[in-house]
Every structure is written in structure tokens, then in C-alpha cells.
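To start, the structure itself, in C-alpha cells.
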Amino acid sequence: MKKPTILVLGAGYGGLMTVVNLQKKLGVDDAEVILVNKNDYHYESTWLHEASAGTLRPDQVRYDIKDVIKSDRVKFVKATVENIDVNSKKVATTAGDLTYDYLVIALGFEGETFGIEGLDKYAFSIANVNAARQIRDHIHYQFSTWSLEEERDDSRLTIVVGGAGFTGIEFLGELANRIPELCAEYDVPREKVRVICVEASPMVLPGFDPELVDYAKAQLQSKGVEFSIGTPVVQATPEGVKIKTGEEEFDFIKAGTVVWAAGVRGNSLIETSGIESNRARVRVEKDLRAPNFNDVFIVGDCSFMINEEANRPYPPTAQIAMQQGEVAAENIIALMNGRETKTFVPDIKGTVCSLGDEDAVGVVYGKKLTGKKASFMKKVIDNRALLMVGGPSLVLKKGKFNLL
Ligand code: FAD
Ligand code: NAD
């Protein structure tokens with residue numbers, strides 16, 4: 001009998017967890033497992049704010065896929081997926097067409113611009129390793145150009161961060177620590193540099209614990225970060241961003257760098273796949289399958305699930321993507337063996353938001369943490385993710401050990 005083909009698209013948290021669990025639980029002859037990813041490396045999306053601010057080297061954020069997969073059990077194809085058609089069970093990639101018995105879509109997130117004019121052209125997005133490098137290099141370019149100019153334009157040294165969600169705040173935490181180093185490197189007086197966070201909602205980190213939000217905001221402000229709250233960005237231009245400050249009132253912030261961190265959507269390939277979606281996210285069945293397609297699983301940021309207790313969607317996080325990968329693997333094996341699939345129930349252990357290398361805020365197992373304790377916990381979480389995918393050797397290679 002022909003072995004079933006399990007095709008996994010994307011080697012982010014969800015895709016890699018699916019594959020490492022399949023390779024652990026399946027024998028060599030049980031199935032042909034194929035993993036397709038754009039690059040031959042995985043990157044820790046959850047560390048991209050550090051690479052973007054220049055506080056962590058980009059190569060520290062990524063590791064080779066071959067280091068965590070067993071080549072006798074998983075075939076890795078380095079290719080970009082160009083189209084998914086679940087009706088004809090065909091996936092078009094730059095390495096040719098692929099078909100499957102079971103498909104796992106784990107193609108991750110894209111920055112959401114909500115159609116706001118100019119953002120796609122004039123703002124940077126913390127999207128992947130190369131985008132992070134570009135942000136870091138652009139900020140360096142602005143500092144060095146300012147230093148060279150005879151007639152200096154100080155707005156070169158203004159950095160606008162759109163969105164005070166977890167990504168925006170974590171990036172600001174790194175940036176606030178990095179700016180004094182950049183000032184020293186390029187002989188720029190600190191007071192010439194402005195870092196402004198623009199948030200549409202009336203609060204920073206909307207929905208998070210108010211006491212922790214106050215702590216985070218105060219810590220960032222003490223390092224010179226300015227906040228413009230309740231003022232949505234409505235346009236980006238080559239000179240900066242236009243913000244709405246009142247009913248019919250607007251302001252313009254001139255800035256040399258605009259980083260857009262105001263939310264995510266699923267991978268746009270979902271929208272032409274034949275599966276119903278909203279903002280490229282699929283409301284999956286309880287066992288993580290796509291509605292009406294019994295052989296298609298969706299994990300990570302391309303999936304959408306409602307937290308029925310809280311009556312609101314679960315946020316797209318690495319924590320959930322990893323847990324989904326584990327259950328998707330189990331459910332595929334169950335189907336192969338004619339068994340019932342199991343329901344996926346997220347086990348949310350907590351949320352920790354870093355504020356630079358030595359500070360953070362978080363709630364872990366219901367307990368509030370701030371400062372070094374929270375920062376320690378964040379690094380433990382980061383190392384645990386490496387451990388779950390690649391074991392102790394990956395932790396030793398890429399882990400964070402400056403724990404105190
Ligand atoms: P991803 O990790 O985005 O992986 C998708 C993979 O698919 C990538 O390897 C990509 O290269 C590949 N791919 C994409 N398109 C194609 C294509 N066309 N062809 C082939 N391959 C393709 N969550 C937390 O739980 N905790 C945190 O602390 C946290 N911090 C974050 C910090 C930042 C700065 C950001 C941006 C996000 C953070 N998140 C955090 C959210 C978390 O990163 C995402 O929820 C998580 O990455 C989703 O995992 P995924 O497997 O769905 O996709
Ligand atoms: P988000 O949706 O959580 O936050 C986006 C923020 O941008 C919101 O506060 C929103 O009000 C604001 N915004 C939207 N439109 C705007 C506009 N026009 N002008 C100004 N502000 C605007 O998105 P995110 O921060 O990118 O996070 C994405 C996902 O990744 C979330 O699920 C988050 O929980 C997760 N994440 C988790 C961590 C962590 O656990 N430490 C870190 C980063 C991201």
C-alpha cells in the first residue's frame with residue numbers, strides 16, 4: 001500500500017512543532033513527510049523586535065532546519081509556496097507542484113495595514129529576519145546621514161512606532177536601550193532623538209492588566225519614549241505619518257523611520273486557497289481541520305479560534321501555534337489509523353512582554369511579575385521554545401543565558 005503523504009507548509013513554530021512530533025511518533029515507513037519552507041532556516045519570530053532594534057544579531061534569531069529534522073523521516077524542500085488549491089489538492093511552489101493526503105498549512109502572519117494609505121510603501125514591518133535587518137540598518141543610516149549633513153534635519157532622528165500592542169512595546173523596550181549606544185557611536189546628542197509611539201486605542205497594551213500597563217509605560221517614558229495615545233495613524237508619507245487627534249483634527253509627525261507594529265493577519269495565500277477565511281485566518285474546527293476539508297489542518301497565525309469562556313478570539317501567538325502543531329501531528333496519526341481526532345484546547349500559561357533585556361511585565365500562572373523576575377521568566381520561555389523543537393543542543397546553541 002502507498003504511504004500517505006503529509007505535506008507541511010511553513011517551518012515557523014506551528015509547522016516545525018508538527019514535523020518534530022510526526023518524526024517522533026511515526027516510523028520511517030508509515031508516511032512520507034514533506035516540509036516546505038521559503039528559507040533553509042527557521043527564525044524565532046518572537047525575537048524579531050531585538051534584531052530590528054539591533055540589540056541581538058540576526059543570525060542569533062535563526063537556526064538551520066536540518067538541525068532539528070531527521071532526514072530519513074522528513075524530506076525538506078526549500079521553496080516558496082505560490083498557490084494552494086485545496087479543491088484539486090495541489091500546492092504550487094517554486095520547486096514544482098506538490099500533492100498530499102494530509103496538508104498542514106502553517107504559513108504564519110503578515111503585517112496588517114488595514115488599507116491605510118502609504119503604510120505598505122513608507123513604513124517598515126517587523127516581519128522576518130531580513131525585514132528586521134532592514135529596520136536596524138535604516139536606523140543606522142539615518143544616524144550616520146545626520147552626522148554627515150551640513151544642514152542637519154533632526155527629523156531624521158525621529159522614530160515613529162505605530163501600535164502599542166505587544167510587538168510595538170517590545171520593540172520600544174529594545175530601542176530605548178539601543179538609542180544611547182547609537183548616540184555614542186554616531187556622536188549624536190541624545191536630546192536630538194525622538195521615539196514616539198502612536199496608538200489608536202485609549203490605552204497602551206489594550207486589554208492587558210492595568211497595573212502592568214502603567215509600569216511598562218512609565219519604564220519606557222523614563223528612557224525617553226513619548227506616547228501619543230488615542231490618535232490613530234491615518235496616512236504614511238515619505239516624510240512621516242498623519243495622525244487623527246480629534247473629530248476633524250489631524251497632526252503630522254515628521255520622521256525618518258516609521259515602524260508599523262499595529263497588528264497581524266494570516267498569510268495571504270489562504271485567501272485564494274478555496275478555504276473560507278477572514279483576514280486570511282481560518283476559523284478551524286475543534287480538531288484544527290479546515291471546515292469542509294477533512295484532509296487539511298491549519299495551525300498558527302493562519303488559524304482562528306474563539307475562546308468561548310471569554311467570548312473573544314484567542315490571540316495569534318507562538319504559544320498557541322506550538323501547542324497546535326503537537327495536536328495536528330497527533331490528529332493526522334489518528335486519521336491514518338482510523339481513530340477519532342482529539343479536540344484542541346489551548347493551555348495558556350501566561351503572557352510576558354519584554355521591556356528590553358533586563359526588564360519585562362507579565363502574568364504567569366495567574367501571578368503578576370515585573371522587572372528582573374519577569375525578564376528572567378521571558379528568557380526561560382524563549383529557551384523552552386527552543387528545547388521543545390530542537391532539544392538541549394539547540395538551547396545550548398541559540399539559548400539566552402544572561403538570565404540575571
Ligand atoms: P511563523 O512563525 O510566522 O512561521 C511561518 C513560516 O512560514 C516562516 O518560516 C516563513 O518563512 C514561512 N513562509 C511564509 N510564507 C511562505 C511561503 N509563501 N512559502 C514558503 N514558506 C513560507 N507570541 C508569543 O506567544 N510570545 C511572544 O513572546 C511573542 N513575541 C512576538 C514578538 C514579535 C516581534 C512578533 C512579530 C510576534 C510575537 N509573537 C509572540 C507572535 C508569534 O511570533 C506568532 O504568533 C508565531 O510566529 C506564529 O507562528 P506560525 O508558525 O503561525 O508562523
Ligand atoms: P496587536 O493586534 O496585539 O496590537 C496592535 C496595536 O496596534 C493595538 O493596540 C491597536 O489598537 C493598534 N493600532 C491598530 N490600528 C492602529 C492605527 N491605525 N494607528 C495606531 N495604532 C493602531 O498586534 P501585535 O502587537 O503585532 O501582536 C500580534 C500578536 O502577537 C498578538 O496576538 C500578540 O499577543 C502576539 N505577541 C505576543 C507577544 C508576547 O507575548 N510577548 C509579543 C509580541 C506579539
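Labeling convention for the C-alpha cells: chains A, B, ... as they appear, residues from 1 per chain, ligands from 1 in order of appearance.
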Do you have, as a tab-separated table, the list of residues of chain A lying at most 6 Å from ligand 1, each with its nearest atom pair and that distance in Å to one decimal, counting only C-alpha atoms and all ligand atoms and ordered by chain then number?
```
residue	atom	partner	partner_atom_place_in_ligand_line	distance
A:Gly10	CA	ligand 1	7 (O)	3.5
A:Ala11	CA	ligand 1	9 (O)	4.3
A:Gly12	CA	ligand 1	4 (O)	3.1
A:Tyr13	CA	ligand 1	51 (O)	3.8
A:Gly14	CA	ligand 1	51 (O)	3.6
A:Gly15	CA	ligand 1	51 (O)	5.5
A:Asn37	CA	ligand 1	21 (N)	3.8
A:Lys38	CA	ligand 1	20 (C)	3.8
A:His42	CA	ligand 1	9 (O)	5.3
A:Ser45	CA	ligand 1	43 (O)	4.3
A:Thr46	CA	ligand 1	31 (C)	3.5
A:Trp47	CA	ligand 1	32 (C)	5.7
A:Leu48	CA	ligand 1	34 (C)	4.6
A:His49	CA	ligand 1	34 (C)	4.4
A:Ala79	CA	ligand 1	20 (C)	5.9
A:Thr80	CA	ligand 1	19 (N)	3.5
A:Val81	CA	ligand 1	19 (N)	3.7
A:Glu82	CA	ligand 1	18 (N)	5.8
A:Ala106	CA	ligand 1	52 (O)	5.3
A:Leu107	CA	ligand 1	7 (O)	3.8
A:Gly108	CA	ligand 1	53 (O)	3.1
A:Phe109	CA	ligand 1	3 (O)	5.0
A:Ile126	CA	ligand 1	36 (C)	5.8
A:Thr167	CA	ligand 1	34 (C)	4.8
A:Gly300	CA	ligand 1	52 (O)	3.2
A:Asp301	CA	ligand 1	52 (O)	4.0
A:Pro316	CA	ligand 1	45 (O)	4.6
A:Thr317	CA	ligand 1	45 (O)	3.1
A:Ala318	CA	ligand 1	25 (O)	3.6
A:Gln319	CA	ligand 1	25 (O)	4.0
A:Ala321	CA	ligand 1	49 (O)	5.3
```
Let me have all residues with an atom within 8 Å of ligand 2, counting only C-alpha atoms and all ligand atoms, laid out as a PDB file with C-alpha atoms, in the first residue's frame.
```pdb
ATOM      1  CA  THR A  46       9.230  36.192  18.915  1.00  0.00           C
ATOM      2  CA  GLY A 111       1.560  42.741   8.917  1.00  0.00           C
ATOM      3  CA  THR A 113      -2.109  47.742   7.343  1.00  0.00           C
ATOM      4  CA  PHE A 114      -5.936  47.997   7.322  1.00  0.00           C
ATOM      5  CA  ILE A 116      -4.132  52.800   5.450  1.00  0.00           C
ATOM      6  CA  GLY A 162       2.719  52.556  15.073  1.00  0.00           C
ATOM      7  CA  GLY A 163       0.826  50.395  17.576  1.00  0.00           C
ATOM      8  CA  ALA A 164       1.315  49.863  21.307  1.00  0.00           C
ATOM      9  CA  GLY A 165       0.383  46.179  21.302  1.00  0.00           C
ATOM     10  CA  PHE A 166       2.919  43.599  22.488  1.00  0.00           C
ATOM     11  CA  THR A 167       5.072  43.886  19.352  1.00  0.00           C
ATOM     12  CA  GLY A 168       5.211  47.688  19.488  1.00  0.00           C
ATOM     13  CA  ILE A 169       6.002  47.755  23.217  1.00  0.00           C
ATOM     14  CA  GLU A 170       8.667  45.038  22.998  1.00  0.00           C
ATOM     15  CA  VAL A 198       1.319  56.219  18.247  1.00  0.00           C
ATOM     16  CA  GLU A 199      -1.602  54.123  19.471  1.00  0.00           C
ATOM     17  CA  ALA A 200      -5.209  54.226  18.242  1.00  0.00           C
ATOM     18  CA  SER A 201      -6.814  52.883  21.446  1.00  0.00           C
ATOM     19  CA  MET A 203      -4.512  52.815  26.310  1.00  0.00           C
ATOM     20  CA  VAL A 204      -1.173  51.117  25.798  1.00  0.00           C
ATOM     21  CA  LEU A 205      -1.337  47.273  25.579  1.00  0.00           C
ATOM     22  CA  PRO A 206      -5.153  47.330  25.287  1.00  0.00           C
ATOM     23  CA  GLY A 230      -5.975  57.579  21.173  1.00  0.00           C
ATOM     24  CA  THR A 231      -4.547  59.029  17.956  1.00  0.00           C
ATOM     25  CA  PRO A 232      -4.720  56.532  15.073  1.00  0.00           C
ATOM     26  CA  VAL A 233      -2.291  56.750  12.197  1.00  0.00           C
ATOM     27  CA  VAL A 234      -4.352  57.571   9.100  1.00  0.00           C
ATOM     28  CA  ILE A 243      -2.420  61.070  12.938  1.00  0.00           C
ATOM     29  CA  ALA A 261       3.517  47.186  14.508  1.00  0.00           C
ATOM     30  CA  ALA A 262      -0.243  47.589  14.638  1.00  0.00           C
ATOM     31  CA  GLY A 263      -1.465  44.050  14.176  1.00  0.00           C
ATOM     32  CA  VAL A 264      -1.251  40.959  12.014  1.00  0.00           C
ATOM     33  CA  TYR A 314      -7.563  33.663  21.077  1.00  0.00           C
ATOM     34  CA  PRO A 315      -4.662  35.963  20.118  1.00  0.00           C
ATOM     35  CA  PRO A 316      -2.310  34.665  17.423  1.00  0.00           C
ATOM     36  CA  THR A 317       0.726  33.613  19.453  1.00  0.00           C
ATOM     37  CA  ALA A 318       3.698  31.284  19.242  1.00  0.00           C
ATOM     38  CA  THR A 351       1.993  36.294  28.813  1.00  0.00           C
ATOM     39  CA  VAL A 352       5.254  38.125  29.335  1.00  0.00           C
ATOM     40  CA  CYS A 353       6.129  41.330  27.478  1.00  0.00           C
ATOM     41  CA  SER A 354       9.789  42.299  27.480  1.00  0.00           C
TER      42      SER A 354
END
```
TODO: Using DSSP on the backbone coordinates, identify the residues of range 290-402 of chain A assigned to helix (DSSP H, G or I); present them as a ChimeraX atom specification.
DONE: /A:300-302,318-336,371-398
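Shell of Lys254 in chain A at 6 Å, with only C-alpha atoms counted and residues fewer than 3 places along the chain excluded, is Ser155, Glu239 and Gly240 of chain A.
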TODO: Enumerate, as a PyMOL selection string, the complete set of residues in range 44-201 of chain A that a backbone-based DSSP assignment places in strand (DSSP E or B).
DONE: chain A and resi 62-64+74-78+81-85+90-93+96-99+102-105+109-111+117+124-125+158-162+194-199
I need the residues from that last selection saved to file as a short mmCIF file (atom, residue, chain, number, x, y, z; two decimals), in the first residue's frame (with C-alpha atoms), if you can.
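Everything below was put into selection12.cif:
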```
data_model
loop_
_atom_site.label_atom_id
_atom_site.label_comp_id
_atom_site.auth_asym_id
_atom_site.auth_seq_id
_atom_site.Cartn_x
_atom_site.Cartn_y
_atom_site.Cartn_z
CA ARG A 62 17.63 31.84 13.27
CA TYR A 63 18.77 28.24 13.05
CA ASP A 64 19.12 25.66 10.28
CA VAL A 74 11.26 14.17 6.79
CA LYS A 75 12.03 15.48 3.31
CA PHE A 76 12.81 19.18 3.41
CA VAL A 77 12.05 21.26 0.30
CA LYS A 78 13.43 24.80 0.25
CA VAL A 81 4.68 28.31 -1.87
CA GLU A 82 2.97 30.23 -4.67
CA ASN A 83 -0.54 28.83 -4.59
CA ILE A 84 -2.63 26.39 -2.58
CA ASP A 85 -5.71 24.77 -4.12
CA LYS A 90 -2.40 20.84 -5.36
CA VAL A 91 0.26 23.12 -3.91
CA ALA A 92 2.30 25.13 -6.42
CA THR A 93 5.82 26.01 -5.27
CA GLY A 96 7.31 22.46 -8.64
CA ASP A 97 3.82 21.22 -7.79
CA LEU A 98 3.18 19.01 -4.78
CA THR A 99 0.18 16.97 -3.76
CA TYR A 102 -2.84 15.36 4.53
CA LEU A 103 -1.97 19.04 4.34
CA VAL A 104 -0.85 21.25 7.23
CA ILE A 105 -0.90 24.99 6.47
CA PHE A 109 1.45 36.06 9.73
CA GLU A 110 1.69 39.18 7.59
CA GLY A 111 1.56 42.74 8.92
CA GLU A 117 -2.59 54.86 2.66
CA PHE A 124 8.80 49.07 7.92
CA SER A 125 7.26 45.93 9.37
CA THR A 158 12.69 60.67 14.90
CA ILE A 159 11.40 57.09 15.00
CA VAL A 160 7.65 56.51 14.99
CA VAL A 161 6.33 53.15 16.15
CA GLY A 162 2.72 52.56 15.07
CA ARG A 194 12.72 61.25 19.46
CA VAL A 195 11.00 57.89 19.77
CA ILE A 196 7.22 58.29 19.51
CA CYS A 197 4.68 55.51 19.88
CA VAL A 198 1.32 56.22 18.25
CA GLU A 199 -1.60 54.12 19.47
#
```
